[in-house]
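Chemist: Sharing a structure below in structure tokens format, with a few things to ask.
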Amino acid sequence: MSTYGLTDPVRELRERMRKFIQEEVIPAEPLLDAEGERDREAMARLKESAKRQGLWALGHPAEIGGGGLPFMPFVYLNEVIGRSHWGQAAVGTLSMQDSIMLHLFGTQEQKRRWLEPLVAGEIYPSVGLTEPEVAGSDPTLMQSTARLEGDEWVIDAHKWFTSGANRAAFTTIFAITEPDADRHAKFSAILVPTDAPGYEIVRVIPTMGHTGGNHCEIRLRGVRVPKQSLLGPRGAGFVIAQKRLGPGRIFHCMRWLGQAQRAFELLCERANSRWAHGSLLAEKGEVQRFVAESAAEIQAARLMTLDAARALDEGGEARVEISLIKFWGARVLHDVIDRAIQVHGALGVTGDTPLERMYREARYARIYDGPDEVHRMVVARRLLRDPHGAPPWA
Ligand SMILES: Cc1cc2nc3c(=O)[nH]c(=O)nc-3n(C[C@H](O)[C@H](O)[C@H](O)COP(=O)(O)OP(=O)(O)OC[C@H]3O[C@@H](n4cnc5c(N)ncnc54)[C@H](O)[C@@H]3O)c2cc1C
């Protein structure tokens, strides 16, 4: 496994994190699955334990109460956290992209009200960008509106896949505020409490993967919030969404490494213990191919994730690096889990191993935060424009 750029303090932190995930979070998975997405006793106990052990909120900026780890060392931690579906919630890194967004664009009052409790793990955020009526992969098509009336924004919006809205304290709603502006400068971001009058959770959308479900369709009818609820400048919604999505994508990729690695280990364990047709599965050429290909793909994905993290740490937007690993990482995640299921045979599709849940959730990865095709388009357009000078081959 690559340890490129891994320093001793991060190595030590990673070992403690690995122990916590392995010995406390993974054994609690059946209980956490039964409790569902909301914080009940098992999750609350894990959060307390992570805080006690100094493992809480390590990737959030230090100025807002986090551990202040840059992106690159955080890859090494997050791949360990990501081994369990519940890891991020247990160590307070579930909403890091929202924390970065509020940190960059929030006023002092917005930070006090939303960011501080978010980093402390007391509240959850949610984001309403995607709308059912128009293509989410092109946010400039959005139709929701917000207009200023006196000292208040009046919002009319219909959103879906607002993940976690049913447990969130607030939703960052993206809506058109500047109808006559250029399509990238038309919309703004507004922080809306989920208990505001007129804010309705229409339904929790049944989806593959999330048994309890937390992807919501929401409707805001004439919701009024003070004008100070605007996040960042008017018309800056597109920029704010991009500043949130960039880090968000790389956090996903880090976490997928952990999921793929866990599936890989299960694949190897099964291959080493299952006997068929005169030998262990591990001795079959086909299964060895699964092992070797998965190892190569995970290693490639890890290095690409580290490279994108390095580019972000250096202050760049890392558009090419992030798009490369977003579609590549999603495919690796899917393929490794798929092979692990195959080696488990029928057992692989049961709930007796974590693989079937991992597989269902892996399918989302090719769609959320931009479908594969859009990321390939971003990469191809930029490289075609400047094939010699484009990062990371400059
Ligand atoms: C699990 C999950 C969680 C999500 N959470 C949130 C959330 O919290 N907040 C939020 O606002 N949204 C969320 N989303 C929505 C997500 O960001 C959108 O689904 C995504 O941006 C794609 O938009 P769409 O579904 O409208 O697909 P569309 O934009 O309609 O695209 C459909 C398909 O068309 C193809 N396509 C699109 N553009 C191109 C192109 N340029 N070239 C070639 N093919 C193309 C792709 O195959 C794509 O999958 C979530 C989605 C999922 C699945």
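Residues are referred to by chain and number: the chain letter is A, B, ... according to the order shown in the structure tokens, the number counts from 1 in that chain, and ligands are numbered separately from 1 in the order shown.
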Go through stretch 134-307 of chain A and collect every residue that DSSP, computed from the backbone, puts in strand (DSSP E); the answer should be as a ChimeraX atom specification.
Modeler: /A:145-149,152-163,170-176,187-193,199-204,215-226,230-231,275-276,279-280
Chemist: Skipping near chain neighbours, those fewer than 2 positions away, what residues fall within 12 Å of A:Lys51 using only C-alpha atoms, listed as a PyMOL selection string?
Modeler: chain A and resi 17+20+44-49+53-58+66-67+90-92+119-121
Chemist: Just all heavy atoms for this one: save the residues we selected as a compact mmCIF listing (two decimals), in the first residue's frame.
Modeler:
```txt
# COMPACT_ATOMS: atom_id res chain seq x y z
N MET A 17 -7.11 5.57 14.70
CA MET A 17 -8.41 5.62 14.01
C MET A 17 -8.81 4.22 13.55
O MET A 17 -9.97 3.81 13.67
CB MET A 17 -8.33 6.58 12.82
CG MET A 17 -9.64 6.78 12.11
SD MET A 17 -10.88 7.61 13.13
CE MET A 17 -10.43 9.33 12.87
N PHE A 20 -10.19 2.30 16.38
CA PHE A 20 -11.54 2.75 16.75
C PHE A 20 -12.59 2.21 15.77
O PHE A 20 -13.64 1.68 16.18
CB PHE A 20 -11.57 4.29 16.79
CG PHE A 20 -12.93 4.88 17.03
CD1 PHE A 20 -13.57 4.74 18.25
CD2 PHE A 20 -13.60 5.57 16.02
CE1 PHE A 20 -14.84 5.27 18.47
CE2 PHE A 20 -14.85 6.11 16.22
CZ PHE A 20 -15.48 5.96 17.46
N ALA A 44 -24.61 7.88 19.47
CA ALA A 44 -24.22 8.86 20.49
C ALA A 44 -23.03 8.34 21.29
O ALA A 44 -22.08 9.08 21.59
CB ALA A 44 -25.39 9.18 21.40
N ARG A 45 -23.04 7.05 21.61
CA ARG A 45 -21.92 6.45 22.36
C ARG A 45 -20.62 6.52 21.54
O ARG A 45 -19.56 6.84 22.06
CB ARG A 45 -22.23 4.98 22.70
CG ARG A 45 -23.01 4.81 24.00
CD ARG A 45 -22.91 3.37 24.50
NE ARG A 45 -23.37 2.40 23.53
CZ ARG A 45 -24.64 2.01 23.39
NH1 ARG A 45 -25.58 2.54 24.17
NH2 ARG A 45 -24.99 1.10 22.50
N LEU A 46 -20.74 6.23 20.25
CA LEU A 46 -19.54 6.27 19.40
C LEU A 46 -18.97 7.68 19.30
O LEU A 46 -17.76 7.89 19.36
CB LEU A 46 -19.86 5.75 17.99
CG LEU A 46 -20.10 4.25 17.87
CD1 LEU A 46 -20.58 3.89 16.48
CD2 LEU A 46 -18.84 3.46 18.21
N LYS A 47 -19.87 8.66 19.16
CA LYS A 47 -19.41 10.05 19.06
C LYS A 47 -18.66 10.45 20.33
O LYS A 47 -17.60 11.09 20.27
CB LYS A 47 -20.61 10.99 18.85
CG LYS A 47 -21.18 10.96 17.44
CD LYS A 47 -22.35 11.94 17.37
CE LYS A 47 -22.75 12.23 15.94
NZ LYS A 47 -23.84 13.21 15.86
N GLU A 48 -19.22 10.09 21.46
CA GLU A 48 -18.57 10.40 22.74
C GLU A 48 -17.19 9.77 22.80
O GLU A 48 -16.21 10.39 23.21
CB GLU A 48 -19.43 9.86 23.91
CG GLU A 48 -20.41 10.86 24.44
CD GLU A 48 -19.78 12.22 24.62
OE1 GLU A 48 -18.77 12.33 25.35
OE2 GLU A 48 -20.25 13.20 24.00
N SER A 49 -17.12 8.51 22.40
CA SER A 49 -15.86 7.79 22.46
C SER A 49 -14.83 8.44 21.53
O SER A 49 -13.66 8.62 21.91
CB SER A 49 -16.10 6.32 22.08
OG SER A 49 -14.91 5.62 22.12
N GLN A 53 -11.21 10.17 22.64
CA GLN A 53 -9.93 9.67 22.14
C GLN A 53 -9.19 10.65 21.22
O GLN A 53 -8.19 10.31 20.61
CB GLN A 53 -10.15 8.35 21.38
CG GLN A 53 -10.70 7.24 22.25
CD GLN A 53 -10.91 5.96 21.44
OE1 GLN A 53 -10.02 5.52 20.74
NE2 GLN A 53 -12.10 5.40 21.55
N GLY A 54 -9.74 11.86 21.08
CA GLY A 54 -9.09 12.86 20.23
C GLY A 54 -9.20 12.53 18.75
O GLY A 54 -8.34 12.88 17.95
N LEU A 55 -10.29 11.85 18.36
CA LEU A 55 -10.46 11.44 16.96
C LEU A 55 -11.59 12.21 16.28
O LEU A 55 -12.02 11.87 15.20
CB LEU A 55 -10.74 9.93 16.88
CG LEU A 55 -9.62 9.03 17.40
CD1 LEU A 55 -10.07 7.57 17.43
CD2 LEU A 55 -8.36 9.18 16.55
N TRP A 56 -12.07 13.26 16.95
CA TRP A 56 -13.26 13.96 16.47
C TRP A 56 -12.91 15.09 15.50
O TRP A 56 -11.98 15.87 15.75
CB TRP A 56 -14.04 14.53 17.67
CG TRP A 56 -15.30 15.23 17.27
CD1 TRP A 56 -15.50 16.57 17.18
CD2 TRP A 56 -16.53 14.61 16.87
NE1 TRP A 56 -16.78 16.83 16.75
CE2 TRP A 56 -17.44 15.64 16.56
CE3 TRP A 56 -16.96 13.29 16.75
CZ2 TRP A 56 -18.74 15.40 16.14
CZ3 TRP A 56 -18.26 13.04 16.33
CH2 TRP A 56 -19.12 14.09 16.03
N ALA A 57 -13.64 15.18 14.40
CA ALA A 57 -13.60 16.34 13.47
C ALA A 57 -12.19 16.68 12.99
O ALA A 57 -11.85 17.85 12.81
CB ALA A 57 -14.25 17.57 14.14
N LEU A 58 -11.38 15.68 12.74
CA LEU A 58 -9.96 15.93 12.45
C LEU A 58 -9.74 16.66 11.12
O LEU A 58 -8.75 17.36 10.95
CB LEU A 58 -9.18 14.61 12.45
CG LEU A 58 -9.09 13.95 13.83
CD1 LEU A 58 -8.46 12.56 13.72
CD2 LEU A 58 -8.28 14.82 14.78
N GLY A 66 -11.83 22.20 14.48
CA GLY A 66 -11.46 20.88 13.95
C GLY A 66 -9.99 20.57 14.15
O GLY A 66 -9.25 21.36 14.76
N GLY A 67 -9.58 19.44 13.61
CA GLY A 67 -8.20 19.00 13.77
C GLY A 67 -7.24 19.68 12.79
O GLY A 67 -6.03 19.58 12.96
N ALA A 90 -19.60 8.86 12.99
CA ALA A 90 -19.05 8.55 14.32
C ALA A 90 -17.88 9.46 14.69
O ALA A 90 -17.65 9.72 15.87
CB ALA A 90 -18.62 7.09 14.39
N VAL A 91 -17.13 9.94 13.68
CA VAL A 91 -15.96 10.79 14.01
C VAL A 91 -16.14 12.24 13.57
O VAL A 91 -15.17 13.00 13.50
CB VAL A 91 -14.65 10.19 13.43
CG1 VAL A 91 -14.40 8.79 13.96
CG2 VAL A 91 -14.66 10.20 11.90
N GLY A 92 -17.38 12.62 13.23
CA GLY A 92 -17.67 14.04 12.97
C GLY A 92 -17.12 14.57 11.66
O GLY A 92 -16.77 15.75 11.57
N VAL A 119 -19.83 21.50 13.58
CA VAL A 119 -18.51 20.90 13.86
C VAL A 119 -18.56 20.12 15.18
O VAL A 119 -17.90 19.09 15.33
CB VAL A 119 -17.40 21.98 13.87
CG1 VAL A 119 -16.06 21.39 14.25
CG2 VAL A 119 -17.29 22.63 12.50
N ALA A 120 -19.38 20.59 16.10
CA ALA A 120 -19.50 19.87 17.39
C ALA A 120 -20.35 18.61 17.24
O ALA A 120 -20.46 17.81 18.18
CB ALA A 120 -20.12 20.80 18.43
N GLY A 121 -20.97 18.40 16.08
CA GLY A 121 -21.78 17.20 15.87
C GLY A 121 -23.16 17.31 16.49
O GLY A 121 -23.85 16.30 16.67
```
Chemist: Using only C-alpha atoms and all ligand atoms, what does the table of chain A residues within 8 Å of ligand 1 look like, with each row giving the shortest atom pair and its distance in Å to one decimal, sorted by chain and ascending number, as JSON lines?
Modeler:
```
{"residue": "A:Ser126", "atom": "CA", "partner": "ligand 1", "partner_atom_place_in_ligand_line": "8 (O)", "distance": 6.1}
{"residue": "A:Val127", "atom": "CA", "partner": "ligand 1", "partner_atom_place_in_ligand_line": "9 (N)", "distance": 4.7}
{"residue": "A:Gly128", "atom": "CA", "partner": "ligand 1", "partner_atom_place_in_ligand_line": "11 (O)", "distance": 4.2}
{"residue": "A:Leu129", "atom": "CA", "partner": "ligand 1", "partner_atom_place_in_ligand_line": "11 (O)", "distance": 3.4}
{"residue": "A:Thr130", "atom": "CA", "partner": "ligand 1", "partner_atom_place_in_ligand_line": "11 (O)", "distance": 3.8}
{"residue": "A:Glu131", "atom": "CA", "partner": "ligand 1", "partner_atom_place_in_ligand_line": "26 (O)", "distance": 6.9}
{"residue": "A:Pro132", "atom": "CA", "partner": "ligand 1", "partner_atom_place_in_ligand_line": "26 (O)", "distance": 6.6}
{"residue": "A:Val134", "atom": "CA", "partner": "ligand 1", "partner_atom_place_in_ligand_line": "26 (O)", "distance": 6.3}
{"residue": "A:Ala135", "atom": "CA", "partner": "ligand 1", "partner_atom_place_in_ligand_line": "29 (O)", "distance": 3.5}
{"residue": "A:Gly136", "atom": "CA", "partner": "ligand 1", "partner_atom_place_in_ligand_line": "23 (O)", "distance": 3.3}
{"residue": "A:Ser137", "atom": "CA", "partner": "ligand 1", "partner_atom_place_in_ligand_line": "29 (O)", "distance": 3.7}
{"residue": "A:Asp138", "atom": "CA", "partner": "ligand 1", "partner_atom_place_in_ligand_line": "29 (O)", "distance": 6.0}
{"residue": "A:Pro139", "atom": "CA", "partner": "ligand 1", "partner_atom_place_in_ligand_line": "21 (O)", "distance": 7.9}
{"residue": "A:Lys159", "atom": "CA", "partner": "ligand 1", "partner_atom_place_in_ligand_line": "11 (O)", "distance": 7.2}
{"residue": "A:Trp160", "atom": "CA", "partner": "ligand 1", "partner_atom_place_in_ligand_line": "12 (N)", "distance": 6.7}
{"residue": "A:Phe161", "atom": "CA", "partner": "ligand 1", "partner_atom_place_in_ligand_line": "13 (C)", "distance": 4.5}
{"residue": "A:Thr162", "atom": "CA", "partner": "ligand 1", "partner_atom_place_in_ligand_line": "8 (O)", "distance": 4.2}
{"residue": "A:Ser163", "atom": "CA", "partner": "ligand 1", "partner_atom_place_in_ligand_line": "8 (O)", "distance": 3.8}
{"residue": "A:Gly164", "atom": "CA", "partner": "ligand 1", "partner_atom_place_in_ligand_line": "8 (O)", "distance": 7.0}
{"residue": "A:Thr207", "atom": "CA", "partner": "ligand 1", "partner_atom_place_in_ligand_line": "1 (C)", "distance": 8.0}
{"residue": "A:His215", "atom": "CA", "partner": "ligand 1", "partner_atom_place_in_ligand_line": "3 (C)", "distance": 6.5}
{"residue": "A:Glu361", "atom": "CA", "partner": "ligand 1", "partner_atom_place_in_ligand_line": "1 (C)", "distance": 7.7}
{"residue": "A:Tyr364", "atom": "CA", "partner": "ligand 1", "partner_atom_place_in_ligand_line": "53 (C)", "distance": 4.9}
{"residue": "A:Ala365", "atom": "CA", "partner": "ligand 1", "partner_atom_place_in_ligand_line": "53 (C)", "distance": 7.2}
{"residue": "A:Arg366", "atom": "CA", "partner": "ligand 1", "partner_atom_place_in_ligand_line": "49 (O)", "distance": 7.7}
{"residue": "A:Ile367", "atom": "CA", "partner": "ligand 1", "partner_atom_place_in_ligand_line": "53 (C)", "distance": 5.4}
{"residue": "A:Tyr368", "atom": "CA", "partner": "ligand 1", "partner_atom_place_in_ligand_line": "16 (C)", "distance": 4.2}
{"residue": "A:Asp369", "atom": "CA", "partner": "ligand 1", "partner_atom_place_in_ligand_line": "17 (O)", "distance": 4.5}
{"residue": "A:Gly370", "atom": "CA", "partner": "ligand 1", "partner_atom_place_in_ligand_line": "21 (O)", "distance": 4.5}
{"residue": "A:Pro371", "atom": "CA", "partner": "ligand 1", "partner_atom_place_in_ligand_line": "49 (O)", "distance": 4.9}
{"residue": "A:Asp372", "atom": "CA", "partner": "ligand 1", "partner_atom_place_in_ligand_line": "46 (C)", "distance": 6.9}
{"residue": "A:Glu373", "atom": "CA", "partner": "ligand 1", "partner_atom_place_in_ligand_line": "43 (C)", "distance": 4.8}
{"residue": "A:Val374", "atom": "CA", "partner": "ligand 1", "partner_atom_place_in_ligand_line": "41 (N)", "distance": 4.8}
{"residue": "A:Met377", "atom": "CA", "partner": "ligand 1", "partner_atom_place_in_ligand_line": "41 (N)", "distance": 6.5}
```
Chemist: Neighbours of stretch 217-234 of chain A within 8 Å (only C-alpha atoms; same-chain residues fewer than 4 positions away dropped), as an MDAnalysis selection string?
Modeler: chainID A and resid 102 105:107 110 148 151:162 177:178 187:192 196:205 240
Chemist: Quick one: distance from atom CA of A:Ala308 to atom CA of A:Ser95 in Å, one decimal?
Modeler: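 Calculated distance between atom CA of A:Ala308 and atom CA of A:Ser95 is 19.5 Å.
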Chemist: Quick one: residues within 9 Å of A:Ile100, only C-alpha atoms, excluding same-chain residues fewer than 3 positions away - as a ChimeraX atom specification?
Modeler: /A:60-61,95-97,103-105,243-244,247
Chemist: Can you pull out every residue from stretch 10-211 of chain A that DSSP, working from the backbone, puts in helix (DSSP H, G or I), and format the result as a VMD selection string?
Modeler: chain A and resid 10 to 35 41 to 52 62 to 64 71 to 81 87 to 91 96 to 105 108 to 119 139 to 141 183 to 185
